[in-house]
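See below for the structure under consideration.
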Amino acid sequence: MRQHLAWILAAAAVLTAAPTAPAAAPDCPRLGGRWHGDHRARLQRVIDARGTCSGHTGAVAVFDWDNTVTKNDVTDATLSWALRHDRLPRPARWKDTSAWLTGAADRALTAACGTGAGAPLRTSTAPRCTDEIVSVRENGTTTSGAPAFAGSWNHRRTVPQYAWVPQLFAGRTPAELASYATAARREALAAPVGATRTLGTRTVPAYVRYYDQQRDLIRTLHRAGFRVYVVSAGAEPVTEVWSRAVGVDAAHTIAIRPVLDGRGRITTRTEGCGGAPASRGAVIPYIDGKRCWINQEVYGVHGADAWRRQPPRHRPAVAAGDADTDVTFVADVTGAHLVINRNKPELMCRAYDDADGRWLIEPMFIDPLPRRPRPYPCATTARTSSDGVPGPLRRPDGSVVPDQPDTVY
C-alpha cells in the first residue's frame, strides 16, 4: 500500500512540474574558413536568423560567379580553350555576330580570320585572328584601338562584348559548348596558381580556382535551408559546368541564355527579361539586368515590375559580387551584402558607404589587390547611367555618396 501511494505521489509531481526546455536545438550549420575581420561571425548571424537554426527554410542567397566564387573568369577560360583547339565556327559575316559590331571591327576580324560559314576557325595557328577576338572580348576594341561596338544600348542592362561570347558559338549546341567548358575546367584546375599562357600573342591567366571560403559558405547556406542561386553575365552552358561542383544545379544557375534554332543550336539571339523580348543581346544578367533575372526566375515577378526593387520578402537575404555588374542585386539584399574587393568603383562606393551597416568587404581570397592609392570617385563618376554617361552615385534619398578611401585590401 505504501509503495502504491509513492507511485501516485510521483506521478502527480510529474504532471504538475514546470515545462521543460526543448529536447533538442534546431540545426545550426557552422561556417568555417578564414575571413576578414568579424565577417564570419556576421555571416553566421544571418545564416542563424534566416535558416534552420531559427526554424526557417527557403531564404534566398545569390552569388555572382566569375571572380566571386572563383578566382579568374570561367567564360574566358572556355573561350581560351576553344581558340586553342579550333572550336569556334567561322561566321558567314563577322557583322552578323553582334548588332553593335562596328565596321572597323568587321574589317579587322575579316582580315585576320576570314569569313565563310561552315569550317571552324583555325585559331590555333592564326595568332592574328586570336588577338583580334581576344581584344574585342577584353577591351571592346580592335587590336589597333578602334571601337569594336557602337550604337545605342542600355548600359545598365547589357554590354556588347559580354553578349558577344555566346554569339561567337552560334551554330554549336549547348552540349558542345558545355563540353568545351568541361575540358577548360579540367585544364584550368590542373594549372598551378599564378600560371599564365600565351593566347595569340597575349599573356592570359591559365588557372582558375574555386575560393574555399565561398564553397564553404554555399555549403553552409544549403545545410541551413537556403535556396542558393548563381547569377552571371557569362554564357549559361559554361557557368552550369562550374556551378554544379559547389552544389548549385542548372535550375539554380542563371546566366546569358542563347535562343536556340529549330535544330537545338545556339543563335546570336538571347532570351529577354522583364517584358523585354528575345534580342541580339539587349538584355543580359548585367547590373540592373541581374535584378530583373533574379526577380523573374527566383520570385516569379514578370513584366516591368521585374526591373524594380521588390519588397523585403521578395529579395535575397545574402548576395555576393565583385564588380559593378553586381551592384544592383547585391544592394537589394536584406541580410548581408558580401563584396570581393577588385577596386570596381560603383560597387566599392556603395560598399564603403555602408548605408545599412550590412556591407562586408573581403579582399580577394587568392592574390588580393594592393590598396587603391586614391579614393573611389563616388561623388563624380562612379555610376554609369543607362546612356553610358558616368556620374555621381546617390543614396536612395538623393544625397551624393562622398568619395571613399580603400581601407580593406
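Going by the C-alpha cells order, chains are called A, B, ..., each with residues numbered from 1, while ligands are numbered from 1 in the order shown.
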Pull the closest atom pair for each residue of stretch 95-190 of chain A that gets at most 12 Å from stretch 267-273 of chain A, along with the distance in Å to one decimal, counting only C-alpha atoms, ordering rows by chain and then ascending residue number, as a Markdown table.
| residue | atom | partner | partner_atom | distance |
| --- | --- | --- | --- | --- |
| A:Lys95 | CA | A:Thr268 | CA | 11.2 |
| A:Asp96 | CA | A:Thr268 | CA | 8.0 |
| A:Thr97 | CA | A:Thr268 | CA | 6.3 |
| A:Ser98 | CA | A:Thr268 | CA | 7.2 |
| A:Ala99 | CA | A:Thr268 | CA | 9.1 |
| A:Arg157 | CA | A:Cys273 | CA | 9.9 |
| A:Thr158 | CA | A:Gly272 | CA | 11.2 |
| A:Pro160 | CA | A:Thr268 | CA | 11.7 |
| A:Tyr162 | CA | A:Thr270 | CA | 11.8 |
| A:Ala163 | CA | A:Thr270 | CA | 8.3 |
| A:Trp164 | CA | A:Thr268 | CA | 8.2 |
| A:Val165 | CA | A:Thr268 | CA | 9.6 |
| A:Pro166 | CA | A:Thr268 | CA | 7.4 |
| A:Gln167 | CA | A:Thr268 | CA | 4.6 |
| A:Leu168 | CA | A:Thr268 | CA | 7.7 |
| A:Phe169 | CA | A:Thr267 | CA | 7.8 |
| A:Ala170 | CA | A:Thr267 | CA | 4.6 |
| A:Gly171 | CA | A:Thr267 | CA | 6.4 |
| A:Arg172 | CA | A:Thr267 | CA | 8.4 |
| A:Thr173 | CA | A:Thr267 | CA | 9.3 |
| A:Pro174 | CA | A:Thr267 | CA | 10.4 |
Which polymer residues have any atom within 9 Å of an atom of stretch 394-399 of chain A, counting only C-alpha atoms, with same-chain residues fewer than 6 positions away left out, as number ranges by chain?
A: 350, 355, 378-379, 383
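Using only C-alpha atoms, the shortest contact distance between A:Val230 and any of A:Glu176, A:Asp64, A:Asp216, A:Asp305 is found at A:Asp64.
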Find the residues near A:Pro312: any atom within 9 Å, counting only C-alpha atoms, skip ones fewer than 6 places away on the same chain, and give them as a list in words.
Asp332, Val333 and Thr334 of chain A
Write out as a VMD selection string each polymer residue whose atoms come within 9 Å of stretch 29-46 of chain A, counting only C-alpha atoms; drop sequence neighbours fewer than 5 positions from it.
chain A and resid 51 to 53 212 to 213 216 to 217 219 to 221 223 to 224 317 to 318 335 to 336 338 358 360 to 363 365 408
Atom-to-atom span, atom CA of A:Pro147 and atom CA of A:Asp106, Å:
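Going from atom CA of A:Pro147 over to atom CA of A:Asp106 covers 10.8 Å.
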Given the choices A:Asp288, A:Asp367, A:Asp73, A:Asp66, which gets closest to A:Ala331 if the distance is worked out from only C-alpha atoms?
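Closest residue, counting only C-alpha atoms: A:Asp288.
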I'd like the neighbourhood of A:Ala59 as a PyMOL selection string, where a residue qualifies if any of its atoms comes within 9 Å (using only C-alpha atoms), though same-chain residues fewer than 6 positions away should be ignored.
chain A and resi 50-51+225-228+313+315-318
Selection above as a file: N, CA and C atoms, as a compact mmCIF listing (two decimals), in the first residue's frame:
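Saved as part35.txt:
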# COMPACT_ATOMS: atom_id res chain seq x y z
N ARG A 50 18.06 33.48 -40.49
CA ARG A 50 17.19 33.24 -41.65
C ARG A 50 17.06 31.76 -42.00
N GLY A 51 17.79 30.89 -41.30
CA GLY A 51 17.82 29.48 -41.68
C GLY A 51 17.25 28.55 -40.64
N GLY A 225 19.14 25.46 -45.09
CA GLY A 225 17.83 25.56 -45.71
C GLY A 225 17.65 26.71 -46.68
N PHE A 226 18.74 27.38 -47.05
CA PHE A 226 18.65 28.46 -48.03
C PHE A 226 18.52 27.89 -49.43
N ARG A 227 17.86 28.62 -50.29
CA ARG A 227 17.86 28.34 -51.73
C ARG A 227 18.99 29.18 -52.33
N VAL A 228 20.00 28.53 -52.86
CA VAL A 228 21.19 29.22 -53.36
C VAL A 228 21.17 29.25 -54.88
N ARG A 313 10.39 40.69 -48.53
CA ARG A 313 10.12 39.24 -48.58
C ARG A 313 10.46 38.64 -49.95
N ARG A 315 13.24 39.58 -51.73
CA ARG A 315 14.63 39.95 -52.00
C ARG A 315 15.56 38.96 -51.29
N PRO A 316 16.75 38.72 -51.85
CA PRO A 316 17.66 37.77 -51.21
C PRO A 316 18.08 38.22 -49.82
N ALA A 317 18.39 37.24 -48.98
CA ALA A 317 18.93 37.52 -47.65
C ALA A 317 20.44 37.74 -47.71
N VAL A 318 21.11 37.04 -48.62
CA VAL A 318 22.56 37.13 -48.78
C VAL A 318 22.87 37.23 -50.26
Per DSSP on the backbone, filter stretch 69-304 of chain A down to the residues in strand (DSSP E or B) and report them as a compact mmCIF listing (two decimals) with N, CA and C atoms, in the first residue's frame.
# COMPACT_ATOMS: atom_id res chain seq x y z
N THR A 70 34.88 32.01 -57.97
CA THR A 70 36.17 31.53 -58.48
C THR A 70 37.15 32.68 -58.62
N LYS A 71 38.40 32.34 -58.56
CA LYS A 71 39.46 33.27 -58.96
C LYS A 71 39.67 33.07 -60.45
N PRO A 89 33.07 28.34 -84.63
CA PRO A 89 32.63 28.24 -86.03
C PRO A 89 32.90 29.54 -86.78
N LEU A 101 28.41 45.54 -83.66
CA LEU A 101 29.78 45.46 -84.15
C LEU A 101 30.03 46.56 -85.18
N PRO A 120 35.47 25.32 -89.13
CA PRO A 120 35.90 26.00 -87.91
C PRO A 120 37.01 27.00 -88.21
N THR A 141 37.65 46.77 -78.22
CA THR A 141 38.33 47.47 -79.32
C THR A 141 39.03 46.45 -80.20
N PRO A 147 37.13 51.41 -81.82
CA PRO A 147 35.98 50.84 -81.09
C PRO A 147 35.40 49.65 -81.84
N PHE A 149 32.43 48.21 -80.86
CA PHE A 149 30.98 48.27 -80.76
C PHE A 149 30.54 49.73 -80.74
N ALA A 170 27.58 30.62 -82.10
CA ALA A 170 26.37 30.36 -82.88
C ALA A 170 26.63 29.24 -83.88
N ARG A 172 26.88 26.04 -82.76
CA ARG A 172 27.18 24.94 -81.86
C ARG A 172 25.95 24.67 -80.98
N THR A 196 50.31 31.35 -66.24
CA THR A 196 49.82 32.10 -67.40
C THR A 196 50.13 31.30 -68.67
N ARG A 197 49.53 31.71 -69.77
CA ARG A 197 49.84 31.11 -71.06
C ARG A 197 49.76 32.18 -72.12
N THR A 198 50.30 31.87 -73.28
CA THR A 198 50.20 32.76 -74.43
C THR A 198 48.97 32.38 -75.24
N LEU A 199 48.13 33.35 -75.48
CA LEU A 199 46.93 33.17 -76.30
C LEU A 199 47.04 34.16 -77.45
N ARG A 202 49.17 37.28 -76.72
CA ARG A 202 48.90 37.88 -75.43
C ARG A 202 49.19 36.90 -74.31
N THR A 203 49.48 37.43 -73.13
CA THR A 203 49.64 36.61 -71.93
C THR A 203 48.35 36.69 -71.12
N VAL A 204 47.76 35.53 -70.83
CA VAL A 204 46.49 35.49 -70.11
C VAL A 204 46.60 34.47 -68.97
N PRO A 205 45.73 34.57 -67.95
CA PRO A 205 45.76 33.57 -66.88
C PRO A 205 45.49 32.17 -67.43
N ARG A 209 40.58 28.86 -59.82
CA ARG A 209 40.39 28.15 -58.56
C ARG A 209 39.04 28.54 -57.94
N TYR A 210 38.37 27.55 -57.37
CA TYR A 210 37.24 27.85 -56.50
C TYR A 210 37.79 28.45 -55.21
N ARG A 227 17.86 28.62 -50.29
CA ARG A 227 17.86 28.34 -51.73
C ARG A 227 18.99 29.18 -52.33
N VAL A 228 20.00 28.53 -52.86
CA VAL A 228 21.19 29.22 -53.36
C VAL A 228 21.17 29.25 -54.88
N TYR A 229 21.38 30.45 -55.44
CA TYR A 229 21.40 30.67 -56.88
C TYR A 229 22.73 31.30 -57.29
N VAL A 230 23.08 31.08 -58.54
CA VAL A 230 24.17 31.79 -59.20
C VAL A 230 23.57 32.65 -60.29
N VAL A 231 24.01 33.91 -60.40
CA VAL A 231 23.59 34.78 -61.49
C VAL A 231 24.84 35.41 -62.08
N SER A 232 25.04 35.19 -63.38
CA SER A 232 26.32 35.54 -64.01
C SER A 232 26.08 36.17 -65.38
N ALA A 233 26.98 37.04 -65.78
CA ALA A 233 26.96 37.60 -67.13
C ALA A 233 27.83 36.77 -68.08
N GLY A 234 28.10 35.53 -67.71
CA GLY A 234 28.77 34.59 -68.60
C GLY A 234 27.75 33.80 -69.40
N ALA A 235 28.24 32.88 -70.20
CA ALA A 235 27.36 32.02 -71.00
C ALA A 235 26.81 30.91 -70.11
N THR A 253 21.02 28.10 -61.71
CA THR A 253 22.11 28.85 -62.36
C THR A 253 21.52 29.71 -63.47
N ILE A 254 21.73 31.01 -63.34
CA ILE A 254 21.17 31.98 -64.28
C ILE A 254 22.34 32.72 -64.94
N ALA A 255 22.39 32.70 -66.26
CA ALA A 255 23.42 33.44 -66.99
C ALA A 255 22.85 33.80 -68.36
N ILE A 256 23.69 34.23 -69.28
CA ILE A 256 23.20 34.59 -70.62
C ILE A 256 22.66 33.33 -71.29
N PRO A 258 21.30 31.73 -74.56
CA PRO A 258 21.11 31.85 -76.01
C PRO A 258 19.76 31.27 -76.44
N VAL A 259 19.15 31.91 -77.42
CA VAL A 259 17.98 31.33 -78.09
C VAL A 259 18.49 30.26 -79.05
N LEU A 260 17.83 29.11 -79.05
CA LEU A 260 18.24 28.01 -79.92
C LEU A 260 17.38 27.98 -81.18
N ILE A 266 22.81 27.00 -80.95
CA ILE A 266 22.90 28.36 -80.44
C ILE A 266 22.79 29.35 -81.59
N THR A 267 22.03 30.43 -81.36
CA THR A 267 21.94 31.53 -82.32
C THR A 267 22.57 32.78 -81.71
N THR A 268 22.58 33.86 -82.45
CA THR A 268 23.11 35.13 -81.92
C THR A 268 22.08 35.89 -81.10
N ARG A 269 20.91 35.30 -80.88
CA ARG A 269 19.87 35.91 -80.07
C ARG A 269 19.91 35.35 -78.65
N THR A 270 19.51 36.18 -77.70
CA THR A 270 19.47 35.77 -76.30
C THR A 270 18.07 36.02 -75.73
N SER A 279 16.35 39.04 -78.05
CA SER A 279 17.02 40.06 -78.87
C SER A 279 18.44 39.60 -79.16
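In this model, the gap between atom CA of A:Tyr376 and atom CA of A:Met348 comes to 7.6 Å.
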Closest of A:Tyr409, A:Trp65, A:Val60, A:Arg122 to A:Gly321, counting only C-alpha atoms, is A:Trp65
List every residue of stretch 178-287 of chain A that DSSP, applied to the backbone, labels as helix (DSSP H, G or I), and write the result as a ChimeraX atom specification.
/A:178-190,212-223,236-246,250-252
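You can rank A:Thr68, A:Arg265, A:Asn295, A:Ile218 by their closest distance to A:Gly247 using only C-alpha atoms, and at the top of that list sits A:Ile218.
Take atom CA of A:Thr182 and atom CA of A:Thr239: the distance between them is 10.2 Å.
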Stretch 152-242 of chain A near stretch 388-393 of chain A within 9 Å: what's each residue's closest atom pair and its distance in Å to one decimal, counting only C-alpha atoms, ordered by chain then ascending residue number, as a Markdown table?
| residue | atom | partner | partner_atom | distance |
| --- | --- | --- | --- | --- |
| A:Trp153 | CA | A:Gly388 | CA | 8.6 |
| A:Asn154 | CA | A:Gly388 | CA | 7.6 |
| A:His155 | CA | A:Gly388 | CA | 5.4 |
| A:Arg156 | CA | A:Gly388 | CA | 8.1 |
Prev. selection, all heavy atoms, output as a PDB file, in the first residue's frame:
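Below is the file that was written, part27.pdb:
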ATOM      1  N   TRP A 153      22.482  51.225 -76.721  1.00  0.00           N
ATOM      2  CA  TRP A 153      22.026  50.149 -75.862  1.00  0.00           C
ATOM      3  C   TRP A 153      21.938  50.680 -74.437  1.00  0.00           C
ATOM      4  O   TRP A 153      22.531  51.702 -74.100  1.00  0.00           O
ATOM      5  CB  TRP A 153      22.954  48.929 -75.915  1.00  0.00           C
ATOM      6  CG  TRP A 153      24.370  49.165 -75.443  1.00  0.00           C
ATOM      7  CD1 TRP A 153      24.843  49.106 -74.168  1.00  0.00           C
ATOM      8  CD2 TRP A 153      25.503  49.499 -76.272  1.00  0.00           C
ATOM      9  NE1 TRP A 153      26.188  49.379 -74.136  1.00  0.00           N
ATOM     10  CE2 TRP A 153      26.618  49.605 -75.409  1.00  0.00           C
ATOM     11  CE3 TRP A 153      25.679  49.695 -77.647  1.00  0.00           C
ATOM     12  CZ2 TRP A 153      27.898  49.927 -75.879  1.00  0.00           C
ATOM     13  CZ3 TRP A 153      26.940  50.001 -78.108  1.00  0.00           C
ATOM     14  CH2 TRP A 153      28.040  50.113 -77.228  1.00  0.00           C
ATOM     15  N   ASN A 154      21.173  50.021 -73.601  1.00  0.00           N
ATOM     16  CA  ASN A 154      21.045  50.402 -72.205  1.00  0.00           C
ATOM     17  C   ASN A 154      22.256  49.865 -71.447  1.00  0.00           C
ATOM     18  O   ASN A 154      22.415  48.653 -71.300  1.00  0.00           O
ATOM     19  CB  ASN A 154      19.748  49.839 -71.616  1.00  0.00           C
ATOM     20  CG  ASN A 154      19.475  50.346 -70.209  1.00  0.00           C
ATOM     21  OD1 ASN A 154      20.369  50.425 -69.376  1.00  0.00           O
ATOM     22  ND2 ASN A 154      18.216  50.668 -69.934  1.00  0.00           N
ATOM     23  N   HIS A 155      23.089  50.768 -70.971  1.00  0.00           N
ATOM     24  CA  HIS A 155      24.363  50.389 -70.359  1.00  0.00           C
ATOM     25  C   HIS A 155      24.205  49.765 -68.986  1.00  0.00           C
ATOM     26  O   HIS A 155      25.205  49.321 -68.397  1.00  0.00           O
ATOM     27  CB  HIS A 155      25.282  51.599 -70.280  1.00  0.00           C
ATOM     28  CG  HIS A 155      25.780  52.052 -71.618  1.00  0.00           C
ATOM     29  ND1 HIS A 155      27.088  51.904 -72.022  1.00  0.00           N
ATOM     30  CD2 HIS A 155      25.135  52.644 -72.655  1.00  0.00           C
ATOM     31  CE1 HIS A 155      27.240  52.384 -73.253  1.00  0.00           C
ATOM     32  NE2 HIS A 155      26.065  52.846 -73.656  1.00  0.00           N
ATOM     33  N   ARG A 156      22.992  49.718 -68.463  1.00  0.00           N
ATOM     34  CA  ARG A 156      22.743  49.030 -67.199  1.00  0.00           C
ATOM     35  C   ARG A 156      21.993  47.716 -67.412  1.00  0.00           C
ATOM     36  O   ARG A 156      21.593  47.061 -66.444  1.00  0.00           O
ATOM     37  CB  ARG A 156      22.003  49.941 -66.218  1.00  0.00           C
ATOM     38  CG  ARG A 156      22.847  51.166 -65.841  1.00  0.00           C
ATOM     39  CD  ARG A 156      22.264  51.939 -64.693  1.00  0.00           C
ATOM     40  NE  ARG A 156      22.395  51.274 -63.418  1.00  0.00           N
ATOM     41  CZ  ARG A 156      23.499  51.260 -62.654  1.00  0.00           C
ATOM     42  NH1 ARG A 156      24.602  51.887 -63.056  1.00  0.00           N
ATOM     43  NH2 ARG A 156      23.504  50.633 -61.492  1.00  0.00           N
TER      44      ARG A 156
END
As a PyMOL selection string, please: the residues near A:Arg87 (cut-off 8 Å, only C-alpha atoms, same-chain neighbours under 4 positions excluded).
chain A and resi 82-83+120-121
Residue selection dump (N, CA and C atoms) as a short mmCIF file (atom, residue, chain, number, x, y, z; two decimals), in the first residue's frame:
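Done, and the output landed in selection.cif:
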data_model
loop_
_atom_site.label_atom_id
_atom_site.label_comp_id
_atom_site.auth_asym_id
_atom_site.auth_seq_id
_atom_site.Cartn_x
_atom_site.Cartn_y
_atom_site.Cartn_z
N ALA A 82 38.73 27.07 -76.46
CA ALA A 82 38.13 26.94 -77.79
C ALA A 82 39.03 27.53 -78.87
N LEU A 83 39.66 28.67 -78.59
CA LEU A 83 40.55 29.29 -79.56
C LEU A 83 41.78 28.43 -79.81
N PRO A 120 35.47 25.32 -89.13
CA PRO A 120 35.90 26.00 -87.91
C PRO A 120 37.01 27.00 -88.21
N LEU A 121 37.09 28.02 -87.39
CA LEU A 121 38.22 28.94 -87.46
C LEU A 121 39.49 28.22 -87.00
#
Can you pull out every residue within 10 Å of A:Pro345, counting only C-alpha atoms, but drop anything in the same chain fewer than 4 positions away, and send it as a list of chain:residue names?
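Everything that qualifies: A:Ala323, A:Asp324, A:Val327, A:Asn341, A:Cys349, A:Arg350, A:Ala351, A:Pro375, A:Tyr376, A:Pro377, A:Cys378, A:Thr381, A:Ala382, A:Arg383, A:Leu393, A:Asp403, A:Gln404.
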Kindly save the residues from that selection, with N, CA and C atoms included, as a JSON list (two decimals), in the first residue's frame.
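Listing of selection_4.json after writing:
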[["chain", "number", "residue", "atom", "x", "y", "z"],
["A", 323, "ALA", "N", 32.02, 43.09, -58.82],
["A", 323, "ALA", "CA", 32.19, 44.11, -59.86],
["A", 323, "ALA", "C", 30.94, 44.97, -59.97],
["A", 324, "ASP", "N", 31.05, 46.05, -60.74],
["A", 324, "ASP", "CA", 29.91, 46.95, -60.91],
["A", 324, "ASP", "C", 28.71, 46.25, -61.53],
["A", 327, "VAL", "N", 26.29, 45.36, -58.69],
["A", 327, "VAL", "CA", 25.95, 46.32, -57.64],
["A", 327, "VAL", "C", 24.46, 46.36, -57.33],
["A", 341, "ASN", "N", 36.73, 42.61, -53.03],
["A", 341, "ASN", "CA", 37.31, 43.89, -53.44],
["A", 341, "ASN", "C", 38.23, 43.73, -54.65],
["A", 349, "CYS", "N", 32.08, 51.96, -53.86],
["A", 349, "CYS", "CA", 31.49, 53.16, -53.26],
["A", 349, "CYS", "C", 30.26, 52.79, -52.44],
["A", 350, "ARG", "N", 29.41, 51.94, -53.01],
["A", 350, "ARG", "CA", 28.21, 51.50, -52.29],
["A", 350, "ARG", "C", 28.61, 50.73, -51.03],
["A", 351, "ALA", "N", 29.62, 49.88, -51.16],
["A", 351, "ALA", "CA", 30.03, 49.05, -50.02],
["A", 351, "ALA", "C", 30.64, 49.89, -48.91],
["A", 375, "PRO", "N", 41.14, 57.74, -53.45],
["A", 375, "PRO", "CA", 39.75, 57.40, -53.10],
["A", 375, "PRO", "C", 38.93, 57.09, -54.35],
["A", 376, "TYR", "N", 37.90, 56.28, -54.17],
["A", 376, "TYR", "CA", 36.98, 56.00, -55.27],
["A", 376, "TYR", "C", 36.18, 57.27, -55.59],
["A", 377, "PRO", "N", 35.97, 57.55, -56.90],
["A", 377, "PRO", "CA", 35.33, 58.83, -57.29],
["A", 377, "PRO", "C", 33.80, 58.77, -57.17],
["A", 378, "CYS", "N", 33.32, 58.46, -55.98],
["A", 378, "CYS", "CA", 31.88, 58.25, -55.77],
["A", 378, "CYS", "C", 31.06, 59.49, -56.11],
["A", 381, "THR", "N", 32.06, 60.28, -60.76],
["A", 381, "THR", "CA", 31.97, 59.42, -61.96],
["A", 381, "THR", "C", 31.78, 57.94, -61.65],
["A", 382, "ALA", "N", 31.42, 57.57, -60.42],
["A", 382, "ALA", "CA", 31.38, 56.15, -60.06],
["A", 382, "ALA", "C", 30.24, 55.39, -60.72],
["A", 383, "ARG", "N", 29.13, 56.05, -61.02],
["A", 383, "ARG", "CA", 27.96, 55.34, -61.53],
["A", 383, "ARG", "C", 27.80, 55.59, -63.03],
["A", 393, "LEU", "N", 27.28, 58.84, -57.66],
["A", 393, "LEU", "CA", 26.48, 57.79, -57.05],
["A", 393, "LEU", "C", 25.64, 58.40, -55.95],
["A", 403, "ASP", "N", 33.33, 60.67, -51.90],
["A", 403, "ASP", "CA", 34.45, 59.80, -52.29],
["A", 403, "ASP", "C", 34.88, 58.96, -51.08],
["A", 404, "GLN", "N", 35.26, 57.71, -51.36],
["A", 404, "GLN", "CA", 35.57, 56.77, -50.29],
["A", 404, "GLN", "C", 36.99, 56.24, -50.44]]
